[in-house]
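Q: Submitted below is the structure of interest, expressed as C-alpha cells.
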Amino acid sequence: MKRVAIIGAGCSGLAAIKCCLDEGLQPVCFESEDDIGGLWNYTDSAKYGKGSVYKSCVINTSKEMMAFSDFPPPKHFPTFLPHKYVLQYFKLYANNFGLLNYINFRTSVESITQCSDFDQTGRWKVTYKSDNSGQTVSEIFDGVLVCTGHHTYPNKPTFDGIETFRGTAIHSHSYRSPQQFADKKVLVVGIGNSAVDIAVDLSNTASEVYLSTRRGAWVIGRKGFWGYPADAVANCRLLFQLPRNVLQYSVEKMANFNFDHESYGVKPKHRSLEAHPTINDDLPIKIMTGKIRIKPDVHNFDDCGVVFEDGSYERFDAVVYATGYSYKIKFLDESVVKIENNKTDLYKYMFPQHLKHPTLAVVGLVQAIGAVMPISEIQCRWFTRVLKGINTLPTLSDMMEDIEAKHLHNSMHIQSQRHTLQTFWIQYMDEIAEKIGCKPNLKRLFIDDPRLALHCLCGPCFPAQYRLQGPGKWNGARASIIGGMERSLAPLKSRILPQNAKIADRSCNVTYIAVPKWLTSYFIVCFIFIALLCMCVL
C-alpha cells in the first residue's frame with residue numbers, strides 16, 4: 001500500500017486524508033497545532049506561519065457552496081457560518097469518516113526532499129519533529145500533498161516613514177477583536193475582505209475609523225436577490241454561458257444597484273472581473289452613518305499620523321495593515337516548488353511540471369471566486385488517482401501550454417500579489433473533474449432526469465454535482481443538489497408560519513397558491529438571466 005504524507009490538517013488536509021482512504025492509500029498527516037481546522041482553528045493570539053481569523057469572522061461563502069461534495073452541513077447551521085461553525089463542520093466531517101486516527105498533532109515538518117532513488121521510484125523523504133517526544137525523524141513516502149494554505153505569512157507594506165509611527169501598528173493577521181482599539185482613531189489600510197470586515201468591526205468601538213484604498217473595489221454582499229445567498233445565485237452554469245464583457249457589466253450594475261460605488265468613494269478604476277471582489281454587507285451603511293470614512297492610498301507616515309495621496313493629513317492612534325500575504329512553503333526547496341511574488345508555475349495550480357514523477361502536489365494554492373474546500377477536495381481526488389497510475393498527466397509541452405494560458409488569464413487582472421492565482425470556480429472545478437471523469441454530463445441528465453438536469457444547469461453549482469457519476473459517485477448526490485437551497489435557507493425559518501397551501505388575504509380576498517420551491521428557484525434564475533441581458537442592451 002502506497003504511503004502519502006499530508007502536511008496540514010485544515011480543510012485541504014482533511015480532504016486529502018479522506019481521498020487517500022477512498023483510493024486505498026495510506027495517509028499520514030502532520031499537523032503542527034493540537035487540533036484540526038488550520039485557518040479556522042481560532043486562537044486568541046496569532047502565530048507566525050499559521051493562518052488566523054478574527055473573533056467576529058464569518059465565512060464569505062454559503063454553507064452548501066463551501067461543503068465537501070459528499071458531506072452536506074447540518075441543516076440547522078447558519079446560512080453563512082461564523083468561524084466556530086466552520087470548525088465544527090470540519091470536526092463532524094473528520095469524525096464521520098474516521099480521519100483523526102491518521103493525524104500526528106503537534107508535529108512540524110522541517111524538510112521534504114527527493115529520495116536518492118527518486119528517478120526510479122518518485123519517493124520523498126519527509127523530516128519532521130514531534131513536540132510531544134522532541135525527536136526529529138525522517139520517513140520515506142510514495143507521495144506528498146502540501147496542504148498548508150497561503151494565508152500564513154503576512155505581507156507588510158513599506159510606506160515612507162512607516163518606522164517612525166509611534167501609535168499601535170499591526171497586520172490583520174494579528175487582529176482579534178475591537179476592544180483594544182476602543183475610543184481610538186484607527187486607520188485600516190486595504191480594501192479586501194479582511195480590511196473591510198475589520199473596519200466594520202472596529203467601527204463599533206473606535207472613535208473614528210478610516211479605510212485607505214489604493215484602487216478601490218467592487219463590493220458585493222453575501223445576500224443576493226430576494227435574500228438568497230449571493231454566491232449560490234452567481235455560481236450557476238447558465239449564467240457562466242454569458243460572454244465575459246456581458247457578465248462583467250452585469251456584476252457592476254448589480255453592485256451599484258446595492259449602493260453607488262462612486263458616491264460612496266469606493267469605485268475602482270478596474271472592471272469587476274479584473275480583481276477579486278470584496279464581500280461585505282455592512283460597509284455602505286457604515287459609510288452612510290459616518291462610522292467609516294474612505295481615504296485614498298497612503299503617501300507617507302510621520303510619528304503621529306498619515307499623509308494621503310490627495311495631500312490630506314490625519315492623526316491616528318493605531319493602524320491595521322490588511323495588505324495580504326506572501327505565499328511560502330518553507331520546507332520545500334525552490335528547485336521543487338518556486339514561488340516568486342506569489343506566482344507559481346504549477347500545472348493546474350497543483351503539480352510541479354518539471355518533476356519526473358507526479359508524486360507531489362500543492363493543494364489549495366488557488367484563488368477562485370468561490371469556496372476553496374470543494375476545490376481542495378477535487379484536487380486531492382485527482383492526485384490520488386494520478387499517484388495510483390489510473391490517471392496520467394499530459395506531456396511537458398501540454399502542461400507548459402496550460403500554465404501559460406493561466407498566466408495569460410491572470411494578466412487580465414490588475415497586477416498585484418493578490419491576483420496571481422485567479423480562476424473561476426465552476427471553470428476550474430470542471431477542468432479537474434474532466435481529468436477524473438466525474439464532470440456532470442448535462443446532456444445525458446436531461447434525458448435520464450430532467451428535473452436534476454435543470455437544477456444543475458439553472459441552479460447553484462453545488463459541489464455534489466461532482467458526485468453524480470464516475471469515480472467517487474455518491475448515491476446521496478441527487479438529493480443533496482435538489483435540496484441544497486432549502487437546506488441553505490432552513491435556519492432562517494425559526495418562526496413557524498402557517499403551512500396551508502392557500503393563504504387568504506381577508507382585506508382584499510386574494511388567494512395565494514403555493515408553488516413548488518424548486519420551480520420558484522428556476523423562475524428566479526431565469527428572471528435574473530433575462531434581466532442581465534436586458535441591462536446589457538440598454
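Letters A, B, ... mark the chains of the C-alpha cells in the order given; residue numbers begin at 1 per chain; ligand numbers begin at 1, in order shown.
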At most 10 Å is the cut-off: for each residue in range 165-230 of chain A with any atom that close to an atom of range 59-66 of chain A, write down the nearest atom pair and the distance in Å rounded to one decimal, counting only C-alpha atoms, chain first then increasing number, as a tab-separated table.
A:
```
residue	atom	partner	partner_atom	distance
A:Asn193	CA	A:Asn60	CA	8.6
A:Gly221	CA	A:Asn60	CA	9.0
A:Arg222	CA	A:Asn60	CA	6.7
A:Lys223	CA	A:Ser62	CA	9.7
A:Tyr228	CA	A:Ser62	CA	9.8
A:Pro229	CA	A:Ser62	CA	6.4
A:Ala230	CA	A:Ser62	CA	8.3
```
Q: Which residues come within 8 Å of range 152-157 of chain A, counting only C-alpha atoms, excluding same-chain residues fewer than 6 positions away, as a VMD selection string?
A: chain A and resid 48 to 52 171 173 321 323 to 328
Q: Just write the chosen residues, N, CA and C atoms, as a PDB file, in the first residue's frame.
A:
```
ATOM      1  N   TYR A  48       2.918  33.214  13.933  1.00  0.00           N
ATOM      2  CA  TYR A  48       3.550  33.356  12.629  1.00  0.00           C
ATOM      3  C   TYR A  48       3.655  31.990  11.948  1.00  0.00           C
ATOM      4  N   GLY A  49       3.224  31.925  10.710  1.00  0.00           N
ATOM      5  CA  GLY A  49       3.254  30.661   9.977  1.00  0.00           C
ATOM      6  C   GLY A  49       1.976  29.860  10.083  1.00  0.00           C
ATOM      7  N   LYS A  50       1.005  30.384  10.843  1.00  0.00           N
ATOM      8  CA  LYS A  50      -0.300  29.723  10.956  1.00  0.00           C
ATOM      9  C   LYS A  50      -1.385  30.694  10.528  1.00  0.00           C
ATOM     10  N   GLY A  51      -2.305  30.247   9.708  1.00  0.00           N
ATOM     11  CA  GLY A  51      -3.418  31.085   9.310  1.00  0.00           C
ATOM     12  C   GLY A  51      -4.251  31.464  10.513  1.00  0.00           C
ATOM     13  N   SER A  52      -4.932  32.594  10.425  1.00  0.00           N
ATOM     14  CA  SER A  52      -5.724  33.029  11.576  1.00  0.00           C
ATOM     15  C   SER A  52      -6.963  33.782  11.131  1.00  0.00           C
ATOM     16  N   HIS A 171      -0.615  43.902  11.705  1.00  0.00           N
ATOM     17  CA  HIS A 171      -1.171  43.333  10.475  1.00  0.00           C
ATOM     18  C   HIS A 171      -2.502  42.673  10.814  1.00  0.00           C
ATOM     19  N   HIS A 173      -3.449  39.871  10.275  1.00  0.00           N
ATOM     20  CA  HIS A 173      -3.182  38.520  10.756  1.00  0.00           C
ATOM     21  C   HIS A 173      -3.226  38.451  12.286  1.00  0.00           C
ATOM     22  N   TYR A 321      -2.796  46.977   9.118  1.00  0.00           N
ATOM     23  CA  TYR A 321      -2.409  46.717   7.732  1.00  0.00           C
ATOM     24  C   TYR A 321      -3.107  45.446   7.245  1.00  0.00           C
ATOM     25  N   THR A 323      -2.982  44.024   4.275  1.00  0.00           N
ATOM     26  CA  THR A 323      -2.274  44.098   2.996  1.00  0.00           C
ATOM     27  C   THR A 323      -1.885  42.727   2.448  1.00  0.00           C
ATOM     28  N   GLY A 324      -2.630  41.714   2.828  1.00  0.00           N
ATOM     29  CA  GLY A 324      -2.467  40.409   2.217  1.00  0.00           C
ATOM     30  C   GLY A 324      -1.322  39.585   2.785  1.00  0.00           C
ATOM     31  N   TYR A 325      -0.956  38.563   2.007  1.00  0.00           N
ATOM     32  CA  TYR A 325       0.001  37.570   2.483  1.00  0.00           C
ATOM     33  C   TYR A 325       1.019  37.228   1.399  1.00  0.00           C
ATOM     34  N   SER A 326       2.182  36.777   1.846  1.00  0.00           N
ATOM     35  CA  SER A 326       3.203  36.236   0.946  1.00  0.00           C
ATOM     36  C   SER A 326       3.101  34.726   0.981  1.00  0.00           C
ATOM     37  N   TYR A 327       3.045  34.102  -0.182  1.00  0.00           N
ATOM     38  CA  TYR A 327       2.877  32.658  -0.262  1.00  0.00           C
ATOM     39  C   TYR A 327       4.243  31.979  -0.153  1.00  0.00           C
ATOM     40  N   LYS A 328       4.388  31.116   0.842  1.00  0.00           N
ATOM     41  CA  LYS A 328       5.664  30.435   1.082  1.00  0.00           C
ATOM     42  C   LYS A 328       5.422  28.986   1.486  1.00  0.00           C
TER      43      LYS A 328
END
```
Q: Determine the nearest neighbour of Phe240 in chain A from the options A:Ala255, A:Ala479, A:Cys458, A:Val372, counting only C-alpha atoms.
A: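 Among A:Ala255, A:Ala479, A:Cys458, A:Val372, it is A:Cys458 that comes nearest to Phe240 in chain A.
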Q: DSSP on the backbone, helix (DSSP H, G or I) only: what residues of range 238-466 of chain A does that give? Format it as JSON, numbers by chain.
A: {"A": [239, 240, 241, 244, 245, 246, 247, 248, 249, 250, 251, 252, 253, 254, 255, 256, 257, 258, 283, 284, 285, 286, 287, 288, 372, 373, 374, 375, 376, 377, 378, 379, 380, 381, 382, 383, 384, 385, 386, 387, 396, 397, 398, 399, 400, 401, 402, 403, 404, 405, 406, 407, 408, 409, 410, 411, 425, 426, 427, 428, 429, 430, 431, 432, 433, 434, 435, 436, 442, 443, 444, 445, 446, 447, 448, 450, 451, 452, 453, 454, 455, 456, 457, 458, 463, 464, 465, 466]}
Q: Determine, counting only C-alpha atoms, which protein, DNA and RNA residues have an atom within 10 Å of an atom of Gly8 in chain A; residues of the same chain fewer than 2 positions away are not included. Present the result as a VMD selection string.
A: chain A and resid 5 to 6 10 to 14 16 29 to 33 36 to 38 103 to 105 107 to 109 145 to 149
Q: Put those residues in a file: C-alpha atoms, as a PDB file, in the first residue's frame.
A:
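Output (result01.pdb):
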```
ATOM      1  CA  ALA A   5       2.474  12.356   3.585  1.00  0.00           C
ATOM      2  CA  ILE A   6      -0.077  15.126   4.085  1.00  0.00           C
ATOM      3  CA  GLY A  10      -7.018  22.175   7.726  1.00  0.00           C
ATOM      4  CA  CYS A  11      -9.809  21.785   5.180  1.00  0.00           C
ATOM      5  CA  SER A  12      -7.363  20.683   2.461  1.00  0.00           C
ATOM      6  CA  GLY A  13      -5.561  18.204   4.699  1.00  0.00           C
ATOM      7  CA  LEU A  14      -8.797  16.606   5.878  1.00  0.00           C
ATOM      8  CA  ALA A  16      -6.587  14.723   1.397  1.00  0.00           C
ATOM      9  CA  CYS A  29      -0.935  13.657   8.210  1.00  0.00           C
ATOM     10  CA  PHE A  30       1.365  16.061  10.054  1.00  0.00           C
ATOM     11  CA  GLU A  31      -0.264  18.980  11.909  1.00  0.00           C
ATOM     12  CA  SER A  32       1.815  21.475  13.905  1.00  0.00           C
ATOM     13  CA  GLU A  33      -1.112  22.519  16.114  1.00  0.00           C
ATOM     14  CA  ILE A  36      -7.675  20.330  13.146  1.00  0.00           C
ATOM     15  CA  GLY A  37      -9.043  23.306  11.219  1.00  0.00           C
ATOM     16  CA  GLY A  38      -5.966  25.229  10.132  1.00  0.00           C
ATOM     17  CA  ILE A 103      -3.199  12.801  12.083  1.00  0.00           C
ATOM     18  CA  ASN A 104       0.022  13.391  14.038  1.00  0.00           C
ATOM     19  CA  PHE A 105      -0.710  16.524  16.084  1.00  0.00           C
ATOM     20  CA  THR A 107       4.280  17.656  14.662  1.00  0.00           C
ATOM     21  CA  SER A 108       6.087  20.108  12.366  1.00  0.00           C
ATOM     22  CA  VAL A 109       7.580  19.172   9.012  1.00  0.00           C
ATOM     23  CA  LEU A 145       0.316  16.506  -0.524  1.00  0.00           C
ATOM     24  CA  VAL A 146       1.158  20.013   0.697  1.00  0.00           C
ATOM     25  CA  CYS A 147      -1.962  21.378   2.419  1.00  0.00           C
ATOM     26  CA  THR A 148      -0.586  24.317   4.410  1.00  0.00           C
ATOM     27  CA  GLY A 149      -2.706  27.114   2.906  1.00  0.00           C
TER      28      GLY A 149
END
```
Q: As number ranges by chain, please: all residues of range 58-282 of chain A that backbone DSSP puts in strand (DSSP E).
A: A: 103-104, 107-114, 124-130, 136-141, 143-146, 153-154, 168-171, 185-189, 208-212, 219-220, 278-279
Q: Which of these, A:Ser69, A:Asn258, A:Ser272, A:Gln26, has the shortest distance to Arg381 in chain A once you count only C-alpha atoms?
A: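 Among A:Ser69, A:Asn258, A:Ser272, A:Gln26, it is A:Ser69 that comes nearest to Arg381 in chain A.
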Q: For Thr136 in chain A, please output as a PyMOL selection string all residues within 9 Å (counting only C-alpha atoms; exclusion window: fewer than 5 positions along the same chain).
A: chain A and resi 110+127-130
Q: At most 7 Å is the cut-off: for each residue in range 322-395 of chain A with any atom that close to an atom of range 401-404 of chain A, write down the nearest atom pair and the distance in Å rounded to one decimal, counting only C-alpha atoms, chain first then increasing number, as CSV.
A:
```
residue,atom,partner,partner_atom,distance
A:Asp345,CA,A:Ile403,CA,6.4
A:Leu346,CA,A:Ile403,CA,7.0
A:Tyr347,CA,A:Ile403,CA,5.9
```
Q: Excluding same-chain residues fewer than 3 positions from range 85-96 of chain A, what lies within 10 Å of it counting only C-alpha atoms, as a compact mmCIF listing (two decimals) with all heavy atoms, in the first residue's frame?
A:
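Okay, out-v5.txt is ready:
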```txt
# COMPACT_ATOMS: atom_id res chain seq x y z
N ALA A 9 -3.61 19.89 8.62
CA ALA A 9 -4.92 19.26 8.86
C ALA A 9 -6.02 20.30 8.88
O ALA A 9 -6.94 20.24 9.69
CB ALA A 9 -4.89 18.48 10.18
N GLY A 10 -5.91 21.26 7.95
CA GLY A 10 -7.02 22.17 7.73
C GLY A 10 -8.00 21.53 6.77
O GLY A 10 -8.05 20.30 6.62
N CYS A 11 -8.80 22.36 6.08
CA CYS A 11 -9.81 21.78 5.18
C CYS A 11 -9.17 20.96 4.07
O CYS A 11 -9.66 19.89 3.71
CB CYS A 11 -10.69 22.89 4.60
SG CYS A 11 -9.85 24.02 3.46
N LEU A 14 -7.74 17.57 5.57
CA LEU A 14 -8.80 16.61 5.88
C LEU A 14 -9.32 15.95 4.60
O LEU A 14 -9.55 14.74 4.56
CB LEU A 14 -9.94 17.32 6.62
CG LEU A 14 -9.61 17.85 8.01
CD1 LEU A 14 -10.78 18.62 8.59
CD2 LEU A 14 -9.21 16.72 8.96
N ALA A 15 -9.53 16.77 3.57
CA ALA A 15 -9.99 16.22 2.28
C ALA A 15 -8.95 15.25 1.72
O ALA A 15 -9.29 14.20 1.16
CB ALA A 15 -10.26 17.34 1.29
N ILE A 17 -6.79 13.36 3.41
CA ILE A 17 -6.84 12.09 4.15
C ILE A 17 -7.97 11.21 3.62
O ILE A 17 -7.79 10.02 3.33
CB ILE A 17 -7.01 12.34 5.65
CG1 ILE A 17 -5.83 13.11 6.22
CG2 ILE A 17 -7.17 11.01 6.40
CD1 ILE A 17 -6.03 13.60 7.64
N LYS A 18 -9.16 11.81 3.50
CA LYS A 18 -10.32 11.02 3.05
C LYS A 18 -10.13 10.49 1.63
O LYS A 18 -10.46 9.33 1.34
CB LYS A 18 -11.59 11.86 3.11
CG LYS A 18 -12.83 11.08 2.66
CD LYS A 18 -14.08 11.89 2.70
CE LYS A 18 -15.27 11.07 2.21
NZ LYS A 18 -15.15 10.70 0.79
N ASP A 35 -4.98 20.72 17.15
CA ASP A 35 -6.34 20.45 16.69
C ASP A 35 -6.40 20.65 15.19
O ASP A 35 -5.51 21.24 14.58
CB ASP A 35 -7.34 21.38 17.39
CG ASP A 35 -8.77 20.85 17.38
OD1 ASP A 35 -9.00 19.79 16.77
OD2 ASP A 35 -9.66 21.49 17.97
N ILE A 36 -7.47 20.16 14.58
CA ILE A 36 -7.67 20.33 13.15
C ILE A 36 -8.23 21.73 12.87
O ILE A 36 -8.53 22.49 13.77
CB ILE A 36 -8.65 19.27 12.60
CG1 ILE A 36 -10.05 19.47 13.20
CG2 ILE A 36 -8.13 17.87 12.85
CD1 ILE A 36 -11.12 18.60 12.56
N GLY A 37 -8.37 22.07 11.60
CA GLY A 37 -9.04 23.31 11.22
C GLY A 37 -8.18 24.32 10.53
O GLY A 37 -8.68 25.17 9.79
N GLY A 38 -6.85 24.28 10.79
CA GLY A 38 -5.97 25.23 10.13
C GLY A 38 -6.38 26.66 10.40
O GLY A 38 -6.49 27.11 11.55
N LEU A 39 -6.62 27.40 9.34
CA LEU A 39 -7.05 28.80 9.41
C LEU A 39 -8.24 28.99 10.34
O LEU A 39 -8.33 29.99 11.06
CB LEU A 39 -7.40 29.27 7.99
CG LEU A 39 -8.00 30.67 7.82
CD1 LEU A 39 -6.91 31.71 7.96
CD2 LEU A 39 -8.66 30.80 6.45
N TRP A 40 -9.15 28.03 10.35
CA TRP A 40 -10.41 28.18 11.08
C TRP A 40 -10.33 27.68 12.52
O TRP A 40 -11.33 27.71 13.23
CB TRP A 40 -11.52 27.46 10.31
CG TRP A 40 -11.73 28.07 8.97
CD1 TRP A 40 -11.23 27.63 7.78
CD2 TRP A 40 -12.43 29.29 8.68
NE1 TRP A 40 -11.59 28.49 6.77
CE2 TRP A 40 -12.33 29.52 7.29
CE3 TRP A 40 -13.15 30.20 9.47
CZ2 TRP A 40 -12.90 30.62 6.68
CZ3 TRP A 40 -13.72 31.30 8.85
CH2 TRP A 40 -13.60 31.49 7.47
N ASN A 41 -9.15 27.26 12.94
CA ASN A 41 -8.94 26.88 14.33
C ASN A 41 -8.57 28.15 15.10
O ASN A 41 -7.40 28.48 15.28
CB ASN A 41 -7.83 25.83 14.43
CG ASN A 41 -7.53 25.41 15.85
OD1 ASN A 41 -8.31 25.67 16.77
ND2 ASN A 41 -6.38 24.78 16.04
N TYR A 42 -9.59 28.87 15.55
CA TYR A 42 -9.39 30.19 16.16
C TYR A 42 -8.60 30.10 17.46
O TYR A 42 -8.83 29.22 18.30
CB TYR A 42 -10.75 30.85 16.45
CG TYR A 42 -10.64 32.14 17.23
CD1 TYR A 42 -10.35 33.33 16.58
CD2 TYR A 42 -10.79 32.15 18.61
CE1 TYR A 42 -10.24 34.52 17.30
CE2 TYR A 42 -10.68 33.33 19.33
CZ TYR A 42 -10.40 34.51 18.67
OH TYR A 42 -10.28 35.68 19.38
N VAL A 58 -16.87 35.73 9.76
CA VAL A 58 -17.90 34.88 9.17
C VAL A 58 -17.45 34.55 7.75
O VAL A 58 -17.01 35.44 7.01
CB VAL A 58 -19.27 35.59 9.13
CG1 VAL A 58 -20.31 34.72 8.43
CG2 VAL A 58 -19.73 35.95 10.54
N ILE A 59 -17.54 33.29 7.37
CA ILE A 59 -17.08 32.88 6.04
C ILE A 59 -17.91 33.56 4.96
O ILE A 59 -19.09 33.83 5.13
CB ILE A 59 -17.11 31.35 5.92
CG1 ILE A 59 -16.26 30.89 4.73
CG2 ILE A 59 -18.54 30.83 5.80
CD1 ILE A 59 -15.98 29.40 4.73
N LYS A 63 -23.01 27.94 3.23
CA LYS A 63 -22.60 26.63 3.74
C LYS A 63 -22.70 25.51 2.70
O LYS A 63 -21.86 24.61 2.68
CB LYS A 63 -23.41 26.26 4.98
CG LYS A 63 -24.91 26.06 4.74
CD LYS A 63 -25.62 25.63 6.03
CE LYS A 63 -27.09 25.36 5.79
NZ LYS A 63 -27.78 24.93 7.02
N MET A 66 -19.72 25.80 0.22
CA MET A 66 -18.39 25.52 0.77
C MET A 66 -18.25 24.08 1.24
O MET A 66 -17.20 23.67 1.71
CB MET A 66 -18.09 26.44 1.95
CG MET A 66 -19.09 26.30 3.10
SD MET A 66 -18.40 26.65 4.74
CE MET A 66 -17.78 25.02 5.17
N ALA A 67 -19.31 23.30 1.11
CA ALA A 67 -19.32 21.95 1.67
C ALA A 67 -18.46 20.98 0.86
O ALA A 67 -18.27 21.16 -0.35
CB ALA A 67 -20.76 21.42 1.72
N PHE A 68 -17.93 19.98 1.55
CA PHE A 68 -17.33 18.86 0.83
C PHE A 68 -18.44 18.14 0.06
O PHE A 68 -19.59 18.09 0.51
CB PHE A 68 -16.65 17.91 1.81
CG PHE A 68 -15.48 18.53 2.53
CD1 PHE A 68 -15.51 18.75 3.90
CD2 PHE A 68 -14.35 18.89 1.83
CE1 PHE A 68 -14.44 19.32 4.56
CE2 PHE A 68 -13.26 19.47 2.48
CZ PHE A 68 -13.31 19.69 3.85
N ASP A 70 -19.55 15.22 -0.63
CA ASP A 70 -20.37 14.10 -0.16
C ASP A 70 -20.70 14.21 1.32
O ASP A 70 -20.98 13.21 1.98
CB ASP A 70 -19.67 12.77 -0.45
CG ASP A 70 -18.29 12.67 0.20
OD1 ASP A 70 -17.84 13.68 0.79
OD2 ASP A 70 -17.66 11.59 0.12
N PHE A 71 -20.67 15.45 1.85
CA PHE A 71 -20.97 15.62 3.27
C PHE A 71 -21.62 17.00 3.49
O PHE A 71 -20.95 17.96 3.86
CB PHE A 71 -19.70 15.49 4.11
CG PHE A 71 -19.96 15.37 5.59
CD1 PHE A 71 -20.47 14.21 6.13
CD2 PHE A 71 -19.71 16.44 6.44
CE1 PHE A 71 -20.70 14.09 7.49
CE2 PHE A 71 -19.95 16.34 7.79
CZ PHE A 71 -20.44 15.16 8.33
N PRO A 72 -22.95 17.11 3.24
CA PRO A 72 -23.64 18.40 3.42
C PRO A 72 -23.58 18.85 4.89
O PRO A 72 -23.63 18.02 5.80
CB PRO A 72 -25.09 18.09 3.02
CG PRO A 72 -25.01 16.82 2.22
CD PRO A 72 -23.86 16.05 2.77
N PRO A 73 -23.49 20.14 5.13
CA PRO A 73 -23.50 20.65 6.51
C PRO A 73 -24.86 20.41 7.16
O PRO A 73 -25.87 20.25 6.46
CB PRO A 73 -23.25 22.16 6.33
CG PRO A 73 -22.71 22.31 4.96
CD PRO A 73 -23.30 21.21 4.15
N PRO A 74 -24.91 20.38 8.48
CA PRO A 74 -26.20 20.20 9.17
C PRO A 74 -27.20 21.27 8.75
O PRO A 74 -26.84 22.43 8.53
CB PRO A 74 -25.82 20.34 10.64
CG PRO A 74 -24.39 19.93 10.71
CD PRO A 74 -23.79 20.41 9.42
N PHE A 77 -27.39 24.58 10.75
CA PHE A 77 -26.27 25.53 10.76
C PHE A 77 -26.67 26.80 10.01
O PHE A 77 -27.45 26.75 9.06
CB PHE A 77 -25.05 24.91 10.07
CG PHE A 77 -24.16 24.11 11.00
CD1 PHE A 77 -24.66 23.53 12.15
CD2 PHE A 77 -22.82 23.94 10.72
CE1 PHE A 77 -23.85 22.79 13.00
CE2 PHE A 77 -21.99 23.22 11.55
CZ PHE A 77 -22.51 22.64 12.70
N PRO A 78 -26.14 27.97 10.41
CA PRO A 78 -26.47 29.23 9.71
C PRO A 78 -26.13 29.15 8.23
O PRO A 78 -25.28 28.36 7.81
CB PRO A 78 -25.59 30.27 10.42
CG PRO A 78 -25.25 29.67 11.74
CD PRO A 78 -25.20 28.18 11.53
N PHE A 80 -24.56 31.38 6.40
CA PHE A 80 -23.14 31.73 6.34
C PHE A 80 -22.55 31.45 7.72
O PHE A 80 -23.03 31.99 8.72
CB PHE A 80 -22.94 33.19 5.93
CG PHE A 80 -23.23 33.46 4.48
CD1 PHE A 80 -24.50 33.81 4.07
CD2 PHE A 80 -22.23 33.35 3.53
CE1 PHE A 80 -24.78 34.06 2.73
CE2 PHE A 80 -22.49 33.60 2.19
CZ PHE A 80 -23.78 33.95 1.78
N LEU A 81 -21.50 30.65 7.77
CA LEU A 81 -21.03 30.13 9.04
C LEU A 81 -20.02 31.05 9.72
O LEU A 81 -18.98 31.37 9.11
CB LEU A 81 -20.38 28.76 8.84
CG LEU A 81 -21.22 27.68 8.15
CD1 LEU A 81 -20.42 26.39 8.07
CD2 LEU A 81 -22.54 27.46 8.87
N PRO A 82 -20.25 31.47 10.96
CA PRO A 82 -19.18 32.06 11.77
C PRO A 82 -18.07 31.02 11.96
O PRO A 82 -18.30 29.81 11.81
CB PRO A 82 -19.87 32.37 13.11
CG PRO A 82 -21.33 32.48 12.76
CD PRO A 82 -21.56 31.48 11.66
N LEU A 99 -11.13 10.32 10.29
CA LEU A 99 -9.89 10.89 9.79
C LEU A 99 -8.87 11.18 10.88
O LEU A 99 -7.66 11.25 10.61
CB LEU A 99 -10.19 12.19 9.01
CG LEU A 99 -11.26 12.11 7.92
CD1 LEU A 99 -11.40 13.44 7.22
CD2 LEU A 99 -10.95 10.99 6.92
N LEU A 100 -9.33 11.37 12.11
CA LEU A 100 -8.44 11.80 13.19
C LEU A 100 -7.35 10.75 13.49
O LEU A 100 -6.26 11.11 13.96
CB LEU A 100 -9.23 12.08 14.46
CG LEU A 100 -10.26 13.22 14.37
CD1 LEU A 100 -11.00 13.38 15.70
CD2 LEU A 100 -9.59 14.54 14.00
N ASN A 101 -7.64 9.50 13.22
CA ASN A 101 -6.67 8.43 13.50
C ASN A 101 -5.40 8.55 12.66
O ASN A 101 -4.38 7.91 12.97
CB ASN A 101 -7.29 7.05 13.26
CG ASN A 101 -8.47 6.79 14.18
OD1 ASN A 101 -8.49 7.28 15.30
ND2 ASN A 101 -9.44 6.02 13.72
```
Q: How many Å lie between CA of Gln120 in chain A and CA of Leu332 in chain A, rounded to one decimal?
A: 20.5 Å
Q: Which residues, written as a ChimeraX atom specification, have at least one atom at most 10 Å from Ala453 in chain A, with only C-alpha atoms counted and residues fewer than 5 positions away on the same chain left out?
A: /A:440-448,458-459,478,482
Q: Which residues are near Tyr249 in chain A? Cut-off 8 Å, only C-alpha atoms, ignore same chain within fewer than 3 positions. Put them as a PyMOL selection string.
A: chain A and resi 245-246+252-253+272+536
Q: Which residue is closest to Thr289 in chain A? Choose from A:Asn342, A:Ile481, A:Tyr264, A:Thr113 and count only C-alpha atoms.
A: A:Tyr264
Q: What is the distance, in Å and to one decimal place, between CA of Ile414 in chain A and CA of Leu187 in chain A?
A: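 Distance reported for this atom pair: 24.2 Å.
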Q: As an exercise, work out the distance from CA of Ala182 in chain A to CA of Ala195 in chain A in Å and give it to one decimal place.
A: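 CA of Ala182 in chain A sits 17.7 Å away from CA of Ala195 in chain A.
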Q: Which residue is closest to His151 in chain A? Choose from A:Leu283, A:Ile170, A:Leu365, A:Ile432 and count only C-alpha atoms.
A: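 Checking each candidate against His151 in chain A, we get A:Leu365 as the closest.
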